[in-house]
Amino acid sequence: MDTKTTSTVVPTAVGPIKIRRIGVGPPVFLWHSMFVDSETFDLVTQELGDGRELFLVDGPGHGDSPGPRRFYSLQDCATAAVQVMDALQVAAPVDWVGNAWGGHVGILLADGFPARIRTLTAIGTPAYPLPAADRRKTALLVRLYRILGPGPFSKTVVEALVGQGAAASAPSAASIVAAAFQRGDRRGKYWAMRSLMLRRPDLRPVLPRLQVPTLLMAGRDDAMSDAGEAEQAARSLPAGQFVPVTGGGHVAPLLVAPKEVTRTILQFWAAPDGG
């Protein structure tokens with residue numbers, strides 16, 4: 001893999017978006033989960049980037065992308081992804097790899113702009129909206145985050161994204177998530193939470209319309225992305241498949257089982273027509 005990395009910032013509908021580019025070859029776009037940033041893909045870039053060019057996105061309000069100070073939607077994020085592709089002159093259909101939030105963006109991108117997508121991989125991406133009870137509890141935490149910042153909520157976020165007891169069972173993964181949560185624009189992340197997490201739409205009606213080969217992956221022990229729901233979602237896809245992987249949270253598979261994740265994705269890419 002060509003490990004030379006360049007960075008660029010692209011103006012989009014959701015503000016300036018920071019992109020890291022690694023390697024040379026067919027394009028792969030990677031968009032991370034809420035609360036973290038593109039560095040959570042670092043353990044899978046070596047293998048996924050063999051003979052490919054990786055475009056690692058920092059979503060609005062995360063990493064080095066400040067994000068807007070207003071409500072915006074997942075559809076706006078999908079539009080921003082197309083704007084990035086156009087600005088960087090990525091004409092070939094891309095292999096999209098989305099983790100949680102990034103998977104939601106990928107679903108809407110594949111629905112609205114199918115010519116831009118060769119394959120779609122979504123890891124830890126529940127297609128159903130945030131349940132009402134969870135939404136009420138999360139709304140309170142978001143309001144407190146606005147006042148107190150990320151410090152008091154680091155453990156909560158780590159356990160949600162990596163799994164219960166992650167600090168002891170997966171200290172390296174917990175450290176990566178905690179550091180990523182601390183980074184980024186505080187106000188931008190607050191608006192991302194309000195706009196995209198609390199207002200997450202029901203994407204299940206969209207799935208039967210997707211015409212691109214789609215791989216859904218979910219951690220076997222991820223309480224926030226039920227593997228049974230993910231398998232059912234895959235059955236509703238015209239060209240879908242589901243693979244359970246190791247992990248107890250949305251981001252966990254990328255950090256505790258990167259070889260399992262990369263092997264699954266590479267097999268998916270290598271299959272006829274991508275899946």
# chains A, B, ... in the order shown; residues from 1 in each chain; ligands from 1
$ closest_atom_pairs --of "stretch 13-44 of chain A" --to "stretch 162-178 of chain A" --cutoff "12 Å" --atoms "only C-alpha atoms" --output "Markdown table"
| residue | atom | partner | partner_atom | distance |
| --- | --- | --- | --- | --- |
| A:His32 | CA | A:Val177 | CA | 11.4 |
| A:Ser33 | CA | A:Val177 | CA | 10.3 |
| A:Met34 | CA | A:Val177 | CA | 10.6 |
| A:Phe35 | CA | A:Val177 | CA | 8.2 |
| A:Val36 | CA | A:Val177 | CA | 6.3 |
| A:Asp37 | CA | A:Val177 | CA | 8.8 |
| A:Ser38 | CA | A:Val177 | CA | 10.9 |
| A:Glu39 | CA | A:Ile176 | CA | 8.3 |
| A:Thr40 | CA | A:Ile176 | CA | 7.2 |
| A:Phe41 | CA | A:Ile176 | CA | 10.6 |
| A:Asp42 | CA | A:Ile176 | CA | 10.3 |
| A:Leu43 | CA | A:Ala173 | CA | 10.5 |
$ write_last_selection --atoms "N, CA and C atoms" --output "short mmCIF file (atom, residue, chain, number, x, y, z; two decimals), in the first residue's frame"
data_model
loop_
_atom_site.label_atom_id
_atom_site.label_comp_id
_atom_site.auth_asym_id
_atom_site.auth_seq_id
_atom_site.Cartn_x
_atom_site.Cartn_y
_atom_site.Cartn_z
N HIS A 32 -17.11 7.78 9.48
CA HIS A 32 -17.08 7.21 10.83
C HIS A 32 -18.42 7.33 11.57
N SER A 33 -18.42 6.84 12.80
CA SER A 33 -19.56 6.92 13.71
C SER A 33 -19.66 8.30 14.36
N MET A 34 -20.83 8.59 14.88
CA MET A 34 -21.01 9.77 15.72
C MET A 34 -20.07 9.68 16.92
N PHE A 35 -19.60 10.83 17.42
CA PHE A 35 -18.76 11.01 18.60
C PHE A 35 -17.27 10.84 18.34
N VAL A 36 -16.89 10.15 17.25
CA VAL A 36 -15.47 9.90 17.01
C VAL A 36 -15.04 10.62 15.73
N ASP A 37 -14.07 10.09 15.01
CA ASP A 37 -13.64 10.71 13.76
C ASP A 37 -12.96 9.65 12.89
N SER A 38 -12.36 10.09 11.80
CA SER A 38 -11.83 9.15 10.82
C SER A 38 -10.69 8.31 11.35
N GLU A 39 -10.07 8.71 12.46
CA GLU A 39 -8.95 7.92 12.99
C GLU A 39 -9.39 6.55 13.50
N THR A 40 -10.68 6.36 13.74
CA THR A 40 -11.14 5.04 14.17
C THR A 40 -11.04 4.00 13.05
N PHE A 41 -10.74 4.44 11.82
CA PHE A 41 -10.52 3.49 10.72
C PHE A 41 -9.04 3.12 10.57
N ASP A 42 -8.16 3.69 11.37
CA ASP A 42 -6.73 3.54 11.11
C ASP A 42 -6.25 2.09 11.15
N LEU A 43 -6.91 1.22 11.93
CA LEU A 43 -6.47 -0.17 12.02
C LEU A 43 -6.88 -1.01 10.81
#
$ select_by_dssp --residues "stretch 31-265 of chain A" --states "strand (DSSP E or B)" --output "PyMOL selection string"
chain A and resi 31+53-58+94-99+117-123+214-219+240-245
$ residues_around --residues "A:Gly249" --least-positions-apart "6" --cutoff "12 Å" --atoms "only C-alpha atoms" --output "ChimeraX atom specification"
/A:33,99-100,123-126,156-166,170,173-174,177,217-227,255-257
$ write_last_selection --atoms "N, CA and C atoms" --output "tab-separated table (two decimals), in the first residue's frame"
chain	number	residue	atom	x	y	z
A	33	SER	N	-18.42	6.84	12.80
A	33	SER	CA	-19.56	6.92	13.71
A	33	SER	C	-19.66	8.30	14.36
A	99	ASN	N	-19.48	3.57	9.17
A	99	ASN	CA	-19.63	3.03	10.52
A	99	ASN	C	-20.74	3.81	11.23
A	100	ALA	N	-21.83	3.14	11.57
A	100	ALA	CA	-22.96	3.76	12.26
A	100	ALA	C	-23.47	4.95	11.45
A	123	ILE	N	-21.41	-0.73	8.92
A	123	ILE	CA	-20.98	-1.45	10.13
A	123	ILE	C	-21.66	-0.82	11.33
A	124	GLY	N	-22.42	-1.61	12.10
A	124	GLY	CA	-23.07	-1.08	13.29
A	124	GLY	C	-24.04	0.04	12.97
A	125	THR	N	-24.89	-0.17	11.96
A	125	THR	CA	-25.78	0.89	11.47
A	125	THR	C	-27.23	0.45	11.60
A	126	PRO	N	-27.89	0.76	12.72
A	126	PRO	CA	-29.31	0.39	12.84
A	126	PRO	C	-30.17	1.21	11.88
A	156	THR	N	-19.39	7.06	29.38
A	156	THR	CA	-20.67	6.65	28.78
A	156	THR	C	-20.52	6.40	27.29
A	157	VAL	N	-19.82	7.30	26.60
A	157	VAL	CA	-19.63	7.16	25.16
A	157	VAL	C	-18.76	5.95	24.85
A	158	VAL	N	-17.69	5.77	25.62
A	158	VAL	CA	-16.80	4.62	25.39
A	158	VAL	C	-17.58	3.31	25.52
A	159	GLU	N	-18.39	3.20	26.55
A	159	GLU	CA	-19.12	1.94	26.77
A	159	GLU	C	-20.21	1.75	25.72
A	160	ALA	N	-20.78	2.84	25.21
A	160	ALA	CA	-21.79	2.72	24.15
A	160	ALA	C	-21.16	2.27	22.84
A	161	LEU	N	-19.95	2.76	22.54
A	161	LEU	CA	-19.33	2.50	21.24
A	161	LEU	C	-18.41	1.28	21.24
A	162	VAL	N	-17.87	0.92	22.41
A	162	VAL	CA	-16.95	-0.22	22.48
A	162	VAL	C	-17.54	-1.38	23.25
A	163	GLY	N	-18.39	-1.11	24.25
A	163	GLY	CA	-19.01	-2.17	25.03
A	163	GLY	C	-18.84	-1.94	26.52
A	164	GLN	N	-19.71	-2.57	27.29
A	164	GLN	CA	-19.65	-2.44	28.74
A	164	GLN	C	-18.31	-2.96	29.26
A	165	GLY	N	-17.73	-2.21	30.20
A	165	GLY	CA	-16.45	-2.62	30.79
A	165	GLY	C	-15.29	-2.50	29.83
A	166	ALA	N	-15.43	-1.65	28.80
A	166	ALA	CA	-14.40	-1.57	27.77
A	166	ALA	C	-13.05	-1.11	28.31
A	170	ALA	N	-10.99	-3.91	26.83
A	170	ALA	CA	-10.39	-3.45	25.57
A	170	ALA	C	-9.81	-2.05	25.77
A	173	ALA	N	-8.84	0.12	22.62
A	173	ALA	CA	-10.01	0.61	21.90
A	173	ALA	C	-10.69	1.72	22.68
A	174	ALA	N	-10.81	1.54	23.99
A	174	ALA	CA	-11.44	2.55	24.83
A	174	ALA	C	-10.67	3.87	24.77
A	177	VAL	N	-11.34	5.70	21.38
A	177	VAL	CA	-12.66	6.34	21.34
A	177	VAL	C	-12.71	7.55	22.26
A	217	MET	N	-22.95	-5.24	8.56
A	217	MET	CA	-22.20	-5.92	9.60
A	217	MET	C	-22.63	-5.35	10.95
A	218	ALA	N	-22.71	-6.21	11.96
A	218	ALA	CA	-23.06	-5.75	13.30
A	218	ALA	C	-22.29	-6.56	14.32
A	219	GLY	N	-21.86	-5.90	15.39
A	219	GLY	CA	-21.19	-6.61	16.46
A	219	GLY	C	-22.13	-7.60	17.12
A	220	ARG	N	-21.63	-8.78	17.39
A	220	ARG	CA	-22.48	-9.81	17.98
A	220	ARG	C	-23.05	-9.39	19.33
A	221	ASP	N	-22.32	-8.52	20.04
A	221	ASP	CA	-22.75	-8.12	21.38
A	221	ASP	C	-23.08	-6.63	21.46
A	222	ASP	N	-23.43	-6.04	20.34
A	222	ASP	CA	-23.75	-4.61	20.30
A	222	ASP	C	-25.21	-4.41	20.70
A	223	ALA	N	-25.43	-3.91	21.93
A	223	ALA	CA	-26.79	-3.73	22.44
A	223	ALA	C	-27.54	-2.64	21.69
A	224	MET	N	-26.82	-1.72	21.02
A	224	MET	CA	-27.47	-0.60	20.35
A	224	MET	C	-27.68	-0.84	18.86
A	225	SER	N	-27.21	-1.97	18.36
A	225	SER	CA	-27.42	-2.32	16.96
A	225	SER	C	-27.67	-3.82	16.89
A	226	ASP	N	-28.90	-4.20	17.18
A	226	ASP	CA	-29.26	-5.60	17.31
A	226	ASP	C	-28.94	-6.39	16.04
A	227	ALA	N	-28.19	-7.49	16.22
A	227	ALA	CA	-27.77	-8.29	15.07
A	227	ALA	C	-28.97	-8.89	14.35
A	255	LEU	N	-12.01	-1.73	16.02
A	255	LEU	CA	-10.91	-1.56	16.97
A	255	LEU	C	-10.49	-2.85	17.65
A	256	VAL	N	-11.43	-3.78	17.84
A	256	VAL	CA	-11.08	-5.03	18.53
A	256	VAL	C	-10.97	-6.20	17.56
A	257	ALA	N	-11.49	-6.07	16.36
A	257	ALA	CA	-11.44	-7.16	15.37
A	257	ALA	C	-11.17	-6.61	13.98
$ atom_distance --atom1 "atom CA of A:Val84" --atom2 "atom CA of A:Val57"
9.4 Å
$ residues_around --residues "A:Arg20" --least-positions-apart "2" --cutoff "12 Å" --atoms "only C-alpha atoms" --output "PyMOL selection string"
chain A and resi 3-10+17-18+22-23+28-31+37-39+41-42+45+53-59+63-65+84+88
$ write_last_selection --atoms "C-alpha atoms" --output "CSV table (one decimal), in the first residue's frame"
chain,number,residue,atom,x,y,z
A,3,THR,CA,1.1,5.1,2.6
A,4,LYS,CA,1.6,8.7,1.4
A,5,THR,CA,-1.2,10.8,3.1
A,6,THR,CA,-2.5,14.1,1.9
A,7,SER,CA,-5.3,16.2,3.5
A,8,THR,CA,-7.7,18.7,2.0
A,9,VAL,CA,-10.8,20.6,3.1
A,10,VAL,CA,-13.9,20.8,0.8
A,17,ILE,CA,-15.2,18.8,5.4
A,18,LYS,CA,-11.7,17.5,6.1
A,22,ILE,CA,-4.2,7.5,1.2
A,23,GLY,CA,-3.0,5.3,-1.6
A,28,VAL,CA,-13.0,3.9,-1.3
A,29,PHE,CA,-14.8,6.4,1.0
A,30,LEU,CA,-14.9,5.8,4.7
A,31,TRP,CA,-17.2,7.8,7.1
A,37,ASP,CA,-13.6,10.7,13.8
A,38,SER,CA,-11.8,9.2,10.8
A,39,GLU,CA,-8.9,7.9,13.0
A,41,PHE,CA,-10.5,3.5,10.7
A,42,ASP,CA,-6.7,3.5,11.1
A,45,THR,CA,-6.6,1.2,6.3
A,53,GLU,CA,-7.2,5.1,-2.8
A,54,LEU,CA,-8.9,5.7,0.6
A,55,PHE,CA,-10.8,8.9,1.3
A,56,LEU,CA,-11.3,9.2,5.0
A,57,VAL,CA,-14.0,11.7,6.0
A,58,ASP,CA,-14.2,13.7,9.2
A,59,GLY,CA,-18.0,14.3,9.4
A,63,GLY,CA,-12.3,15.7,13.9
A,64,ASP,CA,-11.2,18.7,11.8
A,65,SER,CA,-14.6,19.5,10.3
A,84,VAL,CA,-16.7,16.1,-1.9
A,88,LEU,CA,-12.0,15.9,-5.7
$ closest_residue --among "A:Leu48, A:Ala233, A:Ala239, A:Val14" --to "A:Thr214" --atoms "only C-alpha atoms"
A:Ala239
$ closest_residue --among "A:Pro93, A:Gly102, A:Pro131, A:Pro205" --to "A:Ala115" --atoms "only C-alpha atoms"
A:Pro93
$ closest_residue --among "A:Gly51, A:Pro152, A:Gly103, A:Gly188" --to "A:Arg70" --atoms "only C-alpha atoms"
A:Gly188
$ select_by_dssp --residues "stretch 76-224 of chain A" --states "alpha helix (DSSP H)" --output "PyMOL selection string"
chain A and resi 76-87+101-112+132-148+154-162+166-169+171-182+186-192
$ closest_residue --among "A:Ile107, A:Leu144, A:Met85, A:Val245" --to "A:Pro27" --atoms "only C-alpha atoms"
A:Met85
$ residues_around --residues "A:Asp202" --least-positions-apart "6" --cutoff "8 Å" --atoms "only C-alpha atoms" --output "list in words"
Ala127, Tyr128 and Pro129 of chain A
$ closest_residue --among "A:Gly67, A:Gly61, A:Gly112, A:Pro238" --to "A:Arg183" --atoms "only C-alpha atoms"
A:Gly61
$ atom_distance --atom1 "atom CA of A:Lys155" --atom2 "atom CA of A:Val251"
14.4 Å
$ atom_distance --atom1 "atom CA of A:Leu216" --atom2 "atom CA of A:Leu120"
8.4 Å
$ closest_residue --among "A:Thr246, A:Val212, A:Gly25, A:Gly98" --to "A:Ile117" --atoms "only C-alpha atoms"
A:Val212
